[in-house]
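J.: The structure is given below, and queries will be raised subsequently.
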Protein chains: 2
Amino acid sequence: MIQIEALTRAAFAPFGDVIETEGAAHYPINQGTTQRYHDLARVVAAGENGRVLVSLFVAEPRPQPLTISMLERHPLGSQAFYPLQDEEWLVVVGTSPSPQALRVFRASGRQGVNYAPGTWHHPLIVFAPASRFLVVDRGGDGVNLEEVAFEPVTIAISQRHTRA
Amino acid sequence: MIQIEALTRAAFAPFGDVIETEGAAHYPINQGTTQRYHDLARVVAAGENGRVLVSLFVAEPRPQPLTISMLERHPLGSQAFYPLQDEEWLVVVGTSPSPQALRVFRASGRQGVNYAPGTWHHPLIVFAPASRFLVVDRGGDGVNLEEVAFEPVTIAISQRHTRA
């Protein structure tokens, strides 16, 4: 049973960036009508014909109890997810693709993440139906996906996330 | 007095991309739990040390009646805006930086835009306080901002947007 951690920049630093206004450098633009929280993710699109993609994902909740039985990674590029509704979601990463190496973070509806290239992570885990995300990742040639399966591990979900 | 148009891919094509799920190609990923609406914006980060930035903007409404008296453009890169609340906002562009060349589009809270490099556009115009946007644009060296001022033009705003 894996416990869930709060998502903070410090805790997530080994895996990539937390995209949030909280604690971020910012400055006024547009005649003072707008604050720019600047440059929150290191975007990488390496490899042959590598380019940056902007996409929208619409995700459905997974069955509960929630189990993790695989991780994936993208060696040639970063991958950023930003939620488009104010609902919590889960970020699952690993220092290696094994049950013992898993870390699970609870992200708020105002926190996105950017997985650094090569970071082992689980595909989207959401609690609200039709959860929408803006995604910034890499297109191009070459193999940019590795997946590893392992014995399922259960994640301890709090009561308020059992509605799915 | 400029009239407001609906934001559609066809109408906006001379200026860049509309980022929305509506009418976009998509396919299932993540064991069928997620739909990916793929590659919705042509991201450009040209020039010396050009790189792609991910930032958050928080914008306040402007005084009404709303007047437009300048446009700007970014010759070295694209600039994408996606709203993080389900509230309408305005997209103002021009085929040239002059009052006669203005086009004004009403975007929904589920429509983003990506200005193509060199597209004349107005900074963010929102109606809800503290409107948040995810922005994908260009960092690097060189001059990536041009601004042109002109005589103010009033935009005809509908009643429901006069709360600011």
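Naming scheme: A, B, ... for chains in displayed order of the structure tokens; residues 1 onward per chain; ligands 1 onward as shown.
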Got a sec to pull out which chain A residues are within 6 Å of chain B, counting only C-alpha atoms, and send them as a list in words?

T.: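 Written out as asked, the residues are Asn30, Thr33, Thr34, Gln35, Arg36, Tyr37, His38, Asp39, Leu40, Ala41, Leu53, Val54, Ser55, Leu56, Phe57, Val58, Ala59, Glu60, Leu84 and Pro123 of chain A.
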
J.: What is the distance, in Å and to one decimal place, between CA of Pro99 in chain A and CA of His121 in chain A?

T.: 11.9 Å

J.: Write down as JSON, numbers by chain the residues of range 11-143 of chain A whose backbone DSSP state falls under strand (DSSP E or B).

T.: {"A": [16, 17, 18, 19, 26, 27, 28, 29, 34, 35, 36, 37, 45, 51, 52, 53, 54, 55, 56, 57, 58, 59, 67, 68, 69, 70, 71, 72, 73, 77, 79, 80, 81, 82, 83, 89, 90, 91, 92, 93, 94, 102, 103, 104, 105, 106, 107, 112, 113, 114, 115, 120, 121, 125, 126, 131, 132, 133, 134, 135, 136, 137, 138, 139]}

J.: Take CA of Ser78 in chain A and CA of Leu145 in chain A and report the distance between them in Å, one decimal.

T.: 11.6 Å
